[in-house]
>>> print(open('upload.txt').read())   # compact mmCIF, C-alpha atoms and all ligand atoms
# COMPACT_ATOMS: atom_id res chain seq x y z
CA MET A 1 -11.69 19.26 18.07
CA HIS A 2 -9.76 17.09 15.56
CA LYS A 3 -6.50 18.34 14.05
CA THR A 4 -6.42 18.69 10.27
CA LEU A 5 -3.82 16.95 8.10
CA SER A 6 -2.05 20.28 7.61
CA GLN A 7 -1.91 20.94 11.37
CA TYR A 8 -0.54 17.43 11.97
CA LEU A 9 2.17 17.91 9.35
CA VAL A 10 3.12 21.40 10.65
CA GLU A 11 3.39 20.02 14.19
CA GLN A 12 5.53 17.11 12.97
CA GLN A 13 7.73 19.68 11.22
CA ARG A 14 8.06 21.71 14.44
CA GLN A 15 9.15 18.53 16.24
CA GLY A 16 11.76 17.96 13.50
CA PHE A 17 10.15 14.79 12.16
CA LEU A 18 9.02 16.03 8.73
CA LEU A 19 11.80 16.42 6.18
CA SER A 20 10.85 19.51 4.27
CA GLU A 21 8.18 21.96 3.13
CA ASP A 22 8.25 20.08 -0.18
CA LEU A 23 7.38 16.77 1.49
CA LYS A 24 4.62 18.40 3.55
CA ALA A 25 3.10 19.96 0.42
CA LEU A 26 3.49 16.70 -1.53
CA ILE A 27 1.62 14.71 1.12
CA GLU A 28 -1.15 17.34 1.15
CA GLY A 29 -1.35 17.10 -2.64
CA ILE A 30 -1.69 13.32 -2.51
CA ALA A 31 -4.40 13.68 0.14
CA ARG A 32 -6.28 16.09 -2.14
CA SER A 33 -5.98 13.57 -4.99
CA CYS A 34 -7.46 10.84 -2.78
CA LYS A 35 -10.38 13.15 -1.92
CA SER A 36 -11.05 13.52 -5.65
CA ILE A 37 -10.81 9.76 -6.20
CA ALA A 38 -13.16 9.14 -3.25
CA HIS A 39 -15.67 11.52 -4.83
CA VAL A 40 -15.61 9.70 -8.19
CA VAL A 41 -15.68 6.22 -6.58
CA ALA A 42 -18.76 7.22 -4.54
CA LYS A 43 -20.67 8.18 -7.70
CA GLY A 44 -20.52 4.57 -8.98
CA ALA A 45 -23.10 3.88 -11.67
CA LEU A 46 -24.35 7.47 -11.45
CA GLY A 47 -20.97 8.64 -12.70
CA GLY A 48 -20.61 6.06 -15.44
CA VAL A 49 -17.33 4.96 -13.83
CA LEU A 50 -18.03 1.26 -13.33
CA GLY A 51 -16.93 -1.58 -15.60
CA ASN A 52 -13.90 -2.23 -17.76
CA GLN A 53 -11.87 0.31 -19.70
CA GLY A 54 -11.32 -2.18 -22.50
CA THR A 55 -7.52 -2.09 -22.09
CA ASP A 56 -4.93 -4.10 -20.14
CA ASN A 57 -2.23 -2.70 -17.84
CA VAL A 58 1.43 -3.63 -17.75
CA GLN A 59 0.53 -6.49 -15.44
CA GLY A 60 -1.69 -7.93 -18.20
CA GLU A 61 -4.76 -7.26 -16.06
CA ALA A 62 -7.96 -5.82 -17.56
CA GLN A 63 -8.13 -2.17 -16.50
CA LYS A 64 -11.29 -0.90 -14.87
CA LYS A 65 -12.47 2.58 -15.87
CA MET A 66 -11.76 3.68 -12.29
CA ASP A 67 -8.15 2.41 -12.52
CA VAL A 68 -7.51 4.85 -15.36
CA ILE A 69 -9.51 7.71 -13.83
CA SER A 70 -7.69 7.37 -10.49
CA ASN A 71 -4.32 7.16 -12.20
CA ASN A 72 -4.99 10.34 -14.17
CA ILE A 73 -6.22 12.19 -11.06
CA LEU A 74 -2.94 11.41 -9.28
CA LEU A 75 -0.81 12.44 -12.29
CA GLN A 76 -2.65 15.69 -13.00
CA ALA A 77 -2.88 16.76 -9.36
CA ASN A 78 0.83 16.29 -8.65
CA GLU A 79 2.84 16.77 -11.86
CA TRP A 80 2.77 20.62 -11.80
CA THR A 81 3.71 21.11 -8.10
CA GLY A 82 7.48 21.24 -8.43
CA HIS A 83 7.88 18.64 -5.66
CA LEU A 84 8.38 15.62 -7.92
CA ALA A 85 11.12 14.39 -10.24
CA GLY A 86 8.78 11.69 -11.49
CA MET A 87 6.04 9.18 -10.76
CA ALA A 88 5.41 5.44 -11.26
CA SER A 89 2.12 3.57 -11.19
CA GLU A 90 0.77 0.04 -11.37
CA GLU A 91 -1.25 1.29 -14.34
CA MET A 92 1.67 2.65 -16.38
CA ASP A 93 4.30 0.57 -18.21
CA THR A 94 7.09 3.09 -17.76
CA ILE A 95 7.97 5.85 -15.34
CA TYR A 96 6.21 9.21 -15.69
CA LYS A 97 8.69 12.05 -16.21
CA ILE A 98 7.58 15.53 -15.18
CA PRO A 99 6.80 17.51 -18.39
CA ASN A 100 9.36 20.20 -19.21
CA SER A 101 6.64 22.82 -18.73
CA TYR A 102 6.79 22.17 -14.99
CA PRO A 103 9.67 22.49 -12.48
CA LYS A 104 11.19 19.21 -11.27
CA GLY A 105 11.38 18.43 -7.56
CA LYS A 106 13.29 16.14 -5.25
CA TYR A 107 10.81 13.33 -4.62
CA LEU A 108 9.52 10.27 -6.45
CA LEU A 109 5.88 9.23 -6.04
CA LEU A 110 4.84 5.63 -6.65
CA PHE A 111 1.27 4.40 -6.38
CA ASP A 112 -1.35 1.79 -7.01
CA PRO A 113 -4.08 4.28 -7.90
CA LEU A 114 -6.96 1.93 -7.15
CA ASP A 115 -6.12 -1.27 -5.30
CA GLY A 116 -8.73 -4.01 -5.22
CA SER A 117 -10.16 -3.25 -8.65
CA SER A 118 -12.11 -6.51 -8.76
CA ASN A 119 -14.23 -5.05 -5.95
CA ILE A 120 -15.11 -1.75 -7.66
CA ASP A 121 -18.18 -3.07 -9.45
CA VAL A 122 -19.51 -4.91 -6.38
CA ASN A 123 -19.21 -1.98 -3.95
CA VAL A 124 -16.60 -3.53 -1.65
CA SER A 125 -13.90 -1.33 -0.06
CA ILE A 126 -11.01 -0.34 -2.36
CA GLY A 127 -8.14 2.06 -1.92
CA THR A 128 -5.17 4.05 -3.17
CA ILE A 129 -1.68 3.04 -2.01
CA PHE A 130 1.25 5.49 -2.23
CA SER A 131 4.97 5.48 -1.53
CA ILE A 132 7.37 8.46 -1.50
CA LEU A 133 11.11 8.15 -2.15
CA LYS A 134 13.78 10.82 -2.50
CA ALA A 135 15.01 11.26 -6.05
CA PRO A 136 18.80 10.79 -6.42
CA GLU A 137 20.60 14.10 -5.85
CA ASP A 138 21.88 14.35 -9.43
CA SER A 139 18.55 13.48 -11.04
CA LEU A 140 17.59 17.15 -11.25
CA ASN A 141 20.36 17.69 -13.80
CA ARG A 142 19.71 14.72 -16.04
CA GLU A 143 17.00 12.55 -17.56
CA LEU A 144 15.19 10.52 -14.89
CA THR A 145 15.43 6.75 -15.38
CA GLU A 146 13.64 3.69 -14.00
CA ALA A 147 16.81 2.88 -12.07
CA ASP A 148 16.24 6.02 -9.94
CA PHE A 149 13.09 4.38 -8.56
CA LEU A 150 14.74 1.05 -7.72
CA GLN A 151 15.38 1.82 -4.04
CA ALA A 152 14.78 -0.55 -1.13
CA GLY A 153 11.58 0.04 0.84
CA SER A 154 13.69 1.14 3.81
CA GLN A 155 14.48 4.31 1.80
CA GLN A 156 10.85 5.49 1.79
CA VAL A 157 10.33 8.89 3.45
CA ALA A 158 6.56 8.52 3.65
CA ALA A 159 3.85 6.02 2.71
CA GLY A 160 0.16 5.49 3.18
CA TYR A 161 -3.18 4.61 1.72
CA ALA A 162 -6.65 5.97 1.28
CA LEU A 163 -9.46 3.52 2.03
CA TYR A 164 -12.75 4.13 0.22
CA GLY A 165 -15.18 2.27 2.47
CA PRO A 166 -18.08 3.14 4.79
CA GLN A 167 -15.73 5.90 5.95
CA THR A 168 -13.13 7.47 3.71
CA LEU A 169 -9.81 7.18 5.55
CA LEU A 170 -6.21 8.23 5.00
CA MET A 171 -3.51 6.19 6.77
CA LEU A 172 -0.07 7.82 6.86
CA THR A 173 3.46 7.35 8.14
CA ILE A 174 6.39 9.73 7.73
CA GLY A 175 8.58 7.40 9.76
CA HIS A 176 7.29 8.58 13.15
CA GLY A 177 4.51 6.12 13.85
CA VAL A 178 1.19 5.65 12.03
CA VAL A 179 -1.76 8.04 12.07
CA CYS A 180 -5.23 7.90 10.52
CA PHE A 181 -7.39 10.70 9.17
CA THR A 182 -11.12 10.52 8.44
CA LEU A 183 -12.56 12.60 5.62
CA ASP A 184 -15.19 15.05 6.82
CA LYS A 185 -17.19 15.12 3.59
CA ASP A 186 -19.31 18.07 4.76
CA VAL A 187 -16.23 20.29 4.78
CA GLY A 188 -13.88 18.27 2.53
CA THR A 189 -11.19 18.09 5.23
CA TRP A 190 -9.04 15.19 6.46
CA LEU A 191 -9.34 15.15 10.28
CA LEU A 192 -6.94 13.26 12.57
CA THR A 193 -8.89 10.44 14.23
CA GLN A 194 -6.17 7.98 15.33
CA GLU A 195 -2.55 8.47 16.48
CA ASN A 196 0.25 6.08 17.42
CA ILE A 197 -1.51 3.05 15.96
CA GLN A 198 -0.01 -0.18 17.36
CA ILE A 199 -0.69 -3.68 16.00
CA PRO A 200 -1.29 -6.36 18.69
CA THR A 201 1.70 -8.76 18.60
CA GLU A 202 -0.55 -11.84 18.79
CA THR A 203 -3.55 -12.73 16.64
CA LYS A 204 -6.18 -15.38 15.95
CA GLU A 205 -7.14 -14.10 12.51
CA PHE A 206 -5.50 -14.93 9.17
CA ALA A 207 -6.19 -13.60 5.69
CA ILE A 208 -5.33 -15.68 2.63
CA ASN A 209 -7.08 -16.67 -0.61
CA MET A 210 -7.91 -20.29 0.31
CA SER A 211 -8.87 -21.14 -3.29
CA ASN A 212 -5.12 -21.27 -4.05
CA SER A 213 -4.36 -23.80 -1.29
CA ARG A 214 -3.56 -26.76 -3.58
CA HIS A 215 -0.91 -24.61 -5.28
CA TRP A 216 0.84 -23.34 -2.14
CA ASP A 217 4.35 -24.35 -1.20
CA THR A 218 4.40 -26.95 1.59
CA PRO A 219 5.33 -24.55 4.45
CA VAL A 220 2.28 -22.40 3.70
CA GLN A 221 0.06 -25.49 3.48
CA ASN A 222 1.40 -26.68 6.86
CA TYR A 223 0.94 -23.26 8.50
CA ILE A 224 -2.66 -22.85 7.34
CA HIS A 225 -3.43 -26.51 8.17
CA ASP A 226 -2.29 -25.87 11.75
CA CYS A 227 -4.35 -22.67 11.98
CA LEU A 228 -7.43 -24.57 10.77
CA ALA A 229 -6.77 -27.33 13.34
CA GLY A 230 -7.34 -24.72 16.04
CA THR A 231 -7.36 -26.00 19.62
CA THR A 232 -7.14 -29.60 18.31
CA GLY A 233 -3.74 -28.87 16.71
CA PRO A 234 -0.26 -27.53 17.58
CA ARG A 235 -1.35 -23.89 17.66
CA GLY A 236 -3.63 -24.56 20.65
CA LYS A 237 -6.04 -21.77 19.67
CA ASP A 238 -8.90 -21.39 17.19
CA PHE A 239 -8.42 -18.98 14.27
CA ASN A 240 -10.85 -16.83 12.32
CA MET A 241 -10.39 -16.10 8.59
CA ARG A 242 -11.00 -13.04 6.47
CA TRP A 243 -10.41 -12.38 2.72
CA VAL A 244 -11.66 -9.10 1.22
CA ALA A 245 -9.46 -9.22 -1.93
CA SER A 246 -8.48 -5.59 -1.36
CA MET A 247 -5.05 -5.43 0.25
CA VAL A 248 -5.87 -1.96 1.61
CA ALA A 249 -8.88 -3.34 3.50
CA GLU A 250 -6.89 -6.30 4.88
CA VAL A 251 -4.00 -4.10 6.03
CA HIS A 252 -6.41 -1.61 7.59
CA ARG A 253 -8.10 -4.37 9.58
CA ILE A 254 -4.68 -5.58 10.77
CA LEU A 255 -3.66 -2.05 11.79
CA GLN A 256 -6.89 -1.80 13.78
CA ARG A 257 -7.08 -5.21 15.50
CA GLY A 258 -4.08 -7.31 14.48
CA GLY A 259 -3.98 -10.30 12.18
CA ILE A 260 -1.80 -11.82 9.49
CA PHE A 261 -2.11 -11.39 5.71
CA LEU A 262 -0.50 -13.85 3.33
CA TYR A 263 -0.14 -13.69 -0.44
CA PRO A 264 2.73 -16.14 -1.03
CA TRP A 265 4.00 -17.33 -4.39
CA ASP A 266 2.51 -20.65 -5.45
CA LYS A 267 3.55 -23.56 -7.68
CA ARG A 268 1.84 -21.99 -10.73
CA ASP A 269 4.45 -19.21 -10.50
CA PRO A 270 7.69 -20.29 -12.25
CA ASN A 271 9.56 -17.26 -10.89
CA LYS A 272 8.34 -17.83 -7.33
CA ALA A 273 7.66 -14.10 -7.13
CA GLY A 274 4.05 -13.89 -5.93
CA LYS A 275 1.15 -11.71 -7.08
CA LEU A 276 1.62 -8.42 -5.25
CA ARG A 277 3.93 -5.68 -6.50
CA LEU A 278 6.93 -4.67 -4.41
CA MET A 279 7.34 -0.97 -5.16
CA TYR A 280 3.79 0.35 -4.78
CA GLU A 281 1.97 -2.31 -2.75
CA ALA A 282 4.30 -4.35 -0.53
CA ASN A 283 6.80 -1.58 0.31
CA PRO A 284 4.35 1.15 1.41
CA MET A 285 2.23 -1.38 3.33
CA SER A 286 5.34 -2.85 4.98
CA PHE A 287 6.48 0.64 6.05
CA LEU A 288 3.09 1.24 7.72
CA ILE A 289 3.03 -2.23 9.32
CA GLU A 290 6.54 -1.91 10.79
CA GLN A 291 5.90 1.63 12.00
CA ALA A 292 2.87 0.22 13.86
CA GLY A 293 4.98 -2.50 15.52
CA GLY A 294 4.21 -5.32 13.07
CA ALA A 295 6.44 -7.31 10.72
CA SER A 296 6.48 -7.88 6.95
CA VAL A 297 8.48 -10.56 5.12
CA ASP A 298 8.60 -12.25 1.71
CA THR A 299 8.37 -15.57 3.63
CA VAL A 300 11.73 -15.19 5.36
CA ASN A 301 13.36 -11.87 4.40
CA ARG A 302 12.27 -8.41 5.58
CA ILE A 303 10.46 -6.84 2.62
CA LEU A 304 11.85 -3.36 3.30
CA ASP A 305 15.38 -4.76 2.82
CA ILE A 306 14.70 -6.10 -0.70
CA GLN A 307 16.80 -4.35 -3.36
CA PRO A 308 14.43 -3.98 -6.36
CA SER A 309 15.61 -4.98 -9.83
CA GLN A 310 12.47 -4.07 -11.79
CA LEU A 311 9.83 -1.38 -11.33
CA HIS A 312 6.89 -3.80 -11.50
CA GLN A 313 8.51 -6.75 -9.82
CA ARG A 314 6.29 -8.94 -7.69
CA VAL A 315 6.94 -10.34 -4.23
CA SER A 316 5.44 -12.81 -1.78
CA VAL A 317 3.92 -10.98 1.17
CA ILE A 318 3.39 -12.17 4.74
CA LEU A 319 2.65 -9.24 7.08
CA GLY A 320 0.88 -8.39 10.32
CA SER A 321 1.15 -9.16 14.02
CA LYS A 322 4.84 -9.50 14.84
CA ASN A 323 4.74 -12.79 16.75
CA GLU A 324 2.49 -14.46 14.16
CA VAL A 325 4.84 -13.47 11.32
CA GLU A 326 7.69 -15.00 13.33
CA THR A 327 5.61 -18.18 13.71
CA VAL A 328 5.07 -18.39 9.94
CA LYS A 329 8.81 -17.93 9.32
CA GLN A 330 9.48 -21.06 11.44
CA TYR A 331 7.53 -23.14 8.90
CA PHE A 332 10.09 -22.10 6.24
CA VAL A 333 13.16 -23.03 8.30
P1 LIG A 401 -7.09 -12.41 -5.43
C1 LIG A 401 -6.15 -6.68 -5.69
O1 LIG A 401 -6.22 -7.01 -7.07
C2 LIG A 401 -4.86 -7.27 -5.14
O2 LIG A 401 -3.77 -6.75 -5.83
C3 LIG A 401 -4.76 -7.00 -3.65
O3 LIG A 401 -5.33 -5.81 -3.29
C4 LIG A 401 -5.50 -8.19 -3.04
O4 LIG A 401 -5.01 -8.52 -1.75
C5 LIG A 401 -5.22 -9.31 -4.02
O5 LIG A 401 -4.89 -8.69 -5.27
C6 LIG A 401 -6.41 -10.19 -4.22
O6 LIG A 401 -6.01 -11.26 -5.05
O7 LIG A 401 -6.22 -13.46 -6.10
O8 LIG A 401 -7.70 -12.89 -4.15
O9 LIG A 401 -8.07 -11.76 -6.34
>>> encode(input="upload.txt", output="C-alpha cells", more="lines below")
Ligand code: P6P
Amino acid sequence: MHKTLSQYLVEQQRQGFLLSEDLKALIEGIARSCKSIAHVVAKGALGGVLGNQGTDNVQGEAQKKMDVISNNILLQANEWTGHLAGMASEEMDTIYKIPNSYPKGKYLLLFDPLDGSSNIDVNVSIGTIFSILKAPEDSLNRELTEADFLQAGSQQVAAGYALYGPQTLLMLTIGHGVVCFTLDKDVGTWLLTQENIQIPTETKEFAINMSNSRHWDTPVQNYIHDCLAGTTGPRGKDFNMRWVASMVAEVHRILQRGGIFLYPWDKRDPNKAGKLRLMYEANPMSFLIEQAGGASVDTVNRILDIQPSQLHQRVSVILGSKNEVETVKQYFV
C-alpha cells in the first residue's frame, strides 16, 4: 500500500523534519496545482490549449497558451491560502504580491509553471518546477519587494518538480533526501513510489545541446570532445548522449540513473550568464540533485551558494553525478 503525499508529510513532521503546518499545507497546495496542470496538459488539442498565446514573457520568449494557463493555476490555487507572502514566476515580469483580500503568510513560492514549453505542441515530457523560501521576518509588516526573494539557493526550505510524461510524477525534497510520488489518476492522489533517491556518482551519459558546440567556451569543447572520443580518448570509456530540451526530463533521468546535464554560457552571451534561470530552475533542481548525492555548479562554483542580484538572472548549469561534475570542473582549472 503506497503512502499518500499527506501521510509522507505528516510522518516527516513527526520525525521533526518538516518545518511547520504552513509548509506542509503549502506543499500540498502546490501538488494540487500540479494535478490541475497535468489534467489540462493531457487534454492537448482537445482542450484548445496548444500553440502560442501571442505574447512574450519577461525573458522575451513567445509564451505558449499552456505557459499562461499553468501560471494562472499556480497563482489562483495558492494566493488565498495564507501561507504565502508572495510568488515569482518565469512568466511574470515582477513579483506577485498577495492581494489585500487574503492573509499573508511566511513563505515565498517561485516557479517555472511549465518548463520545456517548446515540447508542449509535440507531446514530449514537460514539467513544473517550484522552489520555496522563507519570507523575511519583517515582510509581514511591510510591502514585499523583489529583494525579499533574492536569497541563495541554500536558503530553500523545499523544492521539487512535477513531470508530465507517460506517468505524472512529483519529485520533492524538504531537505531530508529526495522522494517521488506517482499520480494515481483514478483517485486523483499522489502516491509515494520512491524514497531516498541516490544518484550514481559515476556516469557514461551526458546531456547537452550539441548544436551550440561551435559557440562553447574552450573547456566545454574539450570536455565534450573527450567524452565523444570514448575509449579511444583520455576518458577511457564510451559515452551515450541524451537531449530532451525539457530540463525537468533531463534532471529526472539523472535522478533515476545518473548522468550529467550541461547548459553552459556560450560566446554569443556577452554577460556569460547562460540560458537557464537561477531562482526557479537552477536552484530548485540543484537542491534536489544535492539532496540525492549529486553536485551542481555554474562551471566552478556551487549553484546553491550564488547570491542572486536579479529575480530573473540566468546562470550556467552543470549538474548530475558527483564525480562527473568534478571531472568537468577540472577542465576549467
Ligand atoms: P534549448 C526549456 O525551454 C529550457 O528552459 C530547459 O527546460 C531546457 O533544458 C532548455 O531550455 C532547452 O534549451 O536551447 O535546447 O531549446
>>> closest_atom_pairs(input="upload.txt", of="segment 28-113 of chain A", to="segment 118-126 of chain A", cutoff="12 Å", atoms="all atoms listed in the file", output="JSON lines")
{"residue": "A:Cys34", "atom": "CA", "partner": "A:Ile126", "partner_atom": "CA", "distance": 11.7}
{"residue": "A:Ile37", "atom": "CA", "partner": "A:Ile126", "partner_atom": "CA", "distance": 10.8}
{"residue": "A:Ala38", "atom": "CA", "partner": "A:Ile126", "partner_atom": "CA", "distance": 9.8}
{"residue": "A:Val40", "atom": "CA", "partner": "A:Ile120", "partner_atom": "CA", "distance": 11.5}
{"residue": "A:Val41", "atom": "CA", "partner": "A:Ile120", "partner_atom": "CA", "distance": 8.1}
{"residue": "A:Ala42", "atom": "CA", "partner": "A:Asn123", "partner_atom": "CA", "distance": 9.2}
{"residue": "A:Lys43", "atom": "CA", "partner": "A:Asn123", "partner_atom": "CA", "distance": 10.9}
{"residue": "A:Gly44", "atom": "CA", "partner": "A:Asp121", "partner_atom": "CA", "distance": 8.0}
{"residue": "A:Ala45", "atom": "CA", "partner": "A:Asp121", "partner_atom": "CA", "distance": 8.8}
{"residue": "A:Gly48", "atom": "CA", "partner": "A:Asp121", "partner_atom": "CA", "distance": 11.2}
{"residue": "A:Val49", "atom": "CA", "partner": "A:Asp121", "partner_atom": "CA", "distance": 9.2}
{"residue": "A:Leu50", "atom": "CA", "partner": "A:Asp121", "partner_atom": "CA", "distance": 5.8}
{"residue": "A:Gly51", "atom": "CA", "partner": "A:Asp121", "partner_atom": "CA", "distance": 6.5}
{"residue": "A:Asn52", "atom": "CA", "partner": "A:Asp121", "partner_atom": "CA", "distance": 9.4}
{"residue": "A:Glu61", "atom": "CA", "partner": "A:Ser118", "partner_atom": "CA", "distance": 10.4}
{"residue": "A:Ala62", "atom": "CA", "partner": "A:Ser118", "partner_atom": "CA", "distance": 9.8}
{"residue": "A:Gln63", "atom": "CA", "partner": "A:Ser118", "partner_atom": "CA", "distance": 9.7}
{"residue": "A:Lys64", "atom": "CA", "partner": "A:Ile120", "partner_atom": "CA", "distance": 8.2}
{"residue": "A:Lys65", "atom": "CA", "partner": "A:Ile120", "partner_atom": "CA", "distance": 9.7}
{"residue": "A:Met66", "atom": "CA", "partner": "A:Ile120", "partner_atom": "CA", "distance": 7.9}
{"residue": "A:Asp67", "atom": "CA", "partner": "A:Ile120", "partner_atom": "CA", "distance": 9.5}
{"residue": "A:Ser70", "atom": "CA", "partner": "A:Ile126", "partner_atom": "CA", "distance": 11.7}
{"residue": "A:Asp112", "atom": "CA", "partner": "A:Ile126", "partner_atom": "CA", "distance": 10.9}
{"residue": "A:Pro113", "atom": "CA", "partner": "A:Ile126", "partner_atom": "CA", "distance": 10.0}
>>> atom_distance(input="upload.txt", atom1="atom CA of Asp266 of chain A", atom2="atom CA of Trp216 of chain A")
4.6 Å
>>> closest_residue(input="upload.txt", among="A:Leu255, A:Leu183, A:Leu144, A:Leu172", to="Lys35 of chain A", atoms="all atoms listed in the file")
A:Leu183
>>> residues_near_ligand(input="upload.txt", ligand="ligand LIG 401 (chain A)", cutoff="6 Å", atoms="all atoms listed in the file", output="number ranges by chain")
A: 115-117, 209, 245-247, 276
>>> closest_atom_pairs(input="upload.txt", of="segment 264-320 of chain A", to="segment 248-254 of chain A", cutoff="12 Å", atoms="all atoms listed in the file", output="JSON lines")
{"residue": "A:Tyr280", "atom": "CA", "partner": "A:Val248", "partner_atom": "CA", "distance": 11.8}
{"residue": "A:Glu281", "atom": "CA", "partner": "A:Val248", "partner_atom": "CA", "distance": 9.0}
{"residue": "A:Ala282", "atom": "CA", "partner": "A:Val251", "partner_atom": "CA", "distance": 10.6}
{"residue": "A:Pro284", "atom": "CA", "partner": "A:Val248", "partner_atom": "CA", "distance": 10.7}
{"residue": "A:Met285", "atom": "CA", "partner": "A:Val251", "partner_atom": "CA", "distance": 7.3}
{"residue": "A:Ser286", "atom": "CA", "partner": "A:Val251", "partner_atom": "CA", "distance": 9.5}
{"residue": "A:Phe287", "atom": "CA", "partner": "A:Val251", "partner_atom": "CA", "distance": 11.5}
{"residue": "A:Leu288", "atom": "CA", "partner": "A:Val251", "partner_atom": "CA", "distance": 9.0}
{"residue": "A:Ile289", "atom": "CA", "partner": "A:Val251", "partner_atom": "CA", "distance": 8.0}
{"residue": "A:Glu290", "atom": "CA", "partner": "A:Val251", "partner_atom": "CA", "distance": 11.8}
{"residue": "A:Ala292", "atom": "CA", "partner": "A:Ile254", "partner_atom": "CA", "distance": 10.0}
{"residue": "A:Gly293", "atom": "CA", "partner": "A:Ile254", "partner_atom": "CA", "distance": 11.2}
{"residue": "A:Gly294", "atom": "CA", "partner": "A:Ile254", "partner_atom": "CA", "distance": 9.2}
{"residue": "A:Ala295", "atom": "CA", "partner": "A:Ile254", "partner_atom": "CA", "distance": 11.3}
{"residue": "A:Ser296", "atom": "CA", "partner": "A:Val251", "partner_atom": "CA", "distance": 11.2}
{"residue": "A:Val317", "atom": "CA", "partner": "A:Val251", "partner_atom": "CA", "distance": 11.6}
{"residue": "A:Ile318", "atom": "CA", "partner": "A:Val251", "partner_atom": "CA", "distance": 11.0}
{"residue": "A:Leu319", "atom": "CA", "partner": "A:Val251", "partner_atom": "CA", "distance": 8.5}
{"residue": "A:Gly320", "atom": "CA", "partner": "A:Ile254", "partner_atom": "CA", "distance": 6.2}
>>> write_last_selection(input="upload.txt", atoms="C-alpha atoms", output="PDB file, in the coordinates of the input")
ATOM      1  CA  TYR A 280       3.790   0.350  -4.780  1.00  0.00           C
ATOM      2  CA  GLU A 281       1.970  -2.310  -2.750  1.00  0.00           C
ATOM      3  CA  ALA A 282       4.300  -4.350  -0.530  1.00  0.00           C
ATOM      4  CA  PRO A 284       4.350   1.150   1.410  1.00  0.00           C
ATOM      5  CA  MET A 285       2.230  -1.380   3.330  1.00  0.00           C
ATOM      6  CA  SER A 286       5.340  -2.850   4.980  1.00  0.00           C
ATOM      7  CA  PHE A 287       6.480   0.640   6.050  1.00  0.00           C
ATOM      8  CA  LEU A 288       3.090   1.240   7.720  1.00  0.00           C
ATOM      9  CA  ILE A 289       3.030  -2.230   9.320  1.00  0.00           C
ATOM     10  CA  GLU A 290       6.540  -1.910  10.790  1.00  0.00           C
ATOM     11  CA  ALA A 292       2.870   0.220  13.860  1.00  0.00           C
ATOM     12  CA  GLY A 293       4.980  -2.500  15.520  1.00  0.00           C
ATOM     13  CA  GLY A 294       4.210  -5.320  13.070  1.00  0.00           C
ATOM     14  CA  ALA A 295       6.440  -7.310  10.720  1.00  0.00           C
ATOM     15  CA  SER A 296       6.480  -7.880   6.950  1.00  0.00           C
ATOM     16  CA  VAL A 317       3.920 -10.980   1.170  1.00  0.00           C
ATOM     17  CA  ILE A 318       3.390 -12.170   4.740  1.00  0.00           C
ATOM     18  CA  LEU A 319       2.650  -9.240   7.080  1.00  0.00           C
ATOM     19  CA  GLY A 320       0.880  -8.390  10.320  1.00  0.00           C
TER      20      GLY A 320
END
>>> residues_near_point(input="upload.txt", point="(5.0, -12.7, -4.9)", cutoff="7 Å", atoms="only C-alpha atoms", output="PyMOL selection string")
chain A and resi 263-265+272-276+314-317
>>> closest_residue(input="upload.txt", among="A:Ile73, A:Ile260, A:Leu278, A:Leu140", to="Glu326 of chain A", atoms="all atoms listed in the file")
A:Ile260
>>> atom_distance(input="upload.txt", atom1="atom CA of Met241 of chain A", atom2="atom CA of Lys204 of chain A")
8.5 Å
>>> residues_around(input="upload.txt", residues="segment 184-199 of chain A", least_positions_apart="2", cutoff="9 Å", atoms="only C-alpha atoms", output="count of residues only")
34
>>> residues_around(input="upload.txt", residues="Phe149 of chain A", least_positions_apart="6", cutoff="9 Å", atoms="only C-alpha atoms", output="count of residues only")
13
>>> closest_residue(input="upload.txt", among="A:Ile132, A:Leu26, A:Ala147, A:Ile69", to="Thr81 of chain A", atoms="all atoms listed in the file")
A:Leu26
>>> axis_aligned_box(input="upload.txt", around="segment 114-133 of chain A", padding_each_side="5 Å", output="lines of an AutoDock Vina configuration file")
center_x = -4.2
center_y = 1.0
center_z = -4.8
size_x = 40.6
size_y = 25.0
size_z = 19.4
>>> closest_residue(input="upload.txt", among="A:Asn78, A:Val10, A:Phe130, A:Gly54", to="Gln156 of chain A", atoms="only C-alpha atoms")
A:Phe130
>>> atom_distance(input="upload.txt", atom1="atom CA of Gly127 of chain A", atom2="atom CA of Leu114 of chain A")
5.4 Å
>>> closest_residue(input="upload.txt", among="A:Pro103, A:Gly153, A:Gly175, A:Gly47", to="Ile303 of chain A", atoms="only C-alpha atoms")
A:Gly153
>>> closest_residue(input="upload.txt", among="A:Ile129, A:Ala85, A:Ala159, A:Ile174", to="Asn141 of chain A", atoms="all atoms listed in the file")
A:Ala85
>>> decode(input="upload.txt", residues="segment 27-32 of chain A", atoms="N, CA, C and O atoms", output="mmCIF file, in the first residue's frame")
data_model
loop_
_atom_site.group_PDB
_atom_site.id
_atom_site.type_symbol
_atom_site.label_atom_id
_atom_site.label_comp_id
_atom_site.auth_asym_id
_atom_site.auth_seq_id
_atom_site.Cartn_x
_atom_site.Cartn_y
_atom_site.Cartn_z
ATOM 1 N N ILE A 27 2.945 22.818 0.468
ATOM 2 C CA ILE A 27 3.402 21.754 -0.440
ATOM 3 C C ILE A 27 2.205 20.995 -1.006
ATOM 4 O O ILE A 27 2.129 20.710 -2.206
ATOM 5 N N GLU A 28 1.222 20.713 -0.145
ATOM 6 C CA GLU A 28 0.011 20.017 -0.624
ATOM 7 C C GLU A 28 -0.746 20.871 -1.637
ATOM 8 O O GLU A 28 -1.262 20.364 -2.638
ATOM 9 N N GLY A 29 -0.748 22.186 -1.419
ATOM 10 C CA GLY A 29 -1.414 23.084 -2.368
ATOM 11 C C GLY A 29 -0.715 23.108 -3.716
ATOM 12 O O GLY A 29 -1.354 23.098 -4.778
ATOM 13 N N ILE A 30 0.615 23.119 -3.688
ATOM 14 C CA ILE A 30 1.380 23.082 -4.942
ATOM 15 C C ILE A 30 1.121 21.769 -5.673
ATOM 16 O O ILE A 30 0.915 21.729 -6.888
ATOM 17 N N ALA A 31 1.058 20.673 -4.913
ATOM 18 C CA ALA A 31 0.802 19.357 -5.512
ATOM 19 C C ALA A 31 -0.579 19.329 -6.167
ATOM 20 O O ALA A 31 -0.747 18.762 -7.255
ATOM 21 N N ARG A 32 -1.558 19.974 -5.525
ATOM 22 C CA ARG A 32 -2.900 20.046 -6.130
ATOM 23 C C ARG A 32 -2.859 20.857 -7.423
ATOM 24 O O ARG A 32 -3.474 20.492 -8.430
#
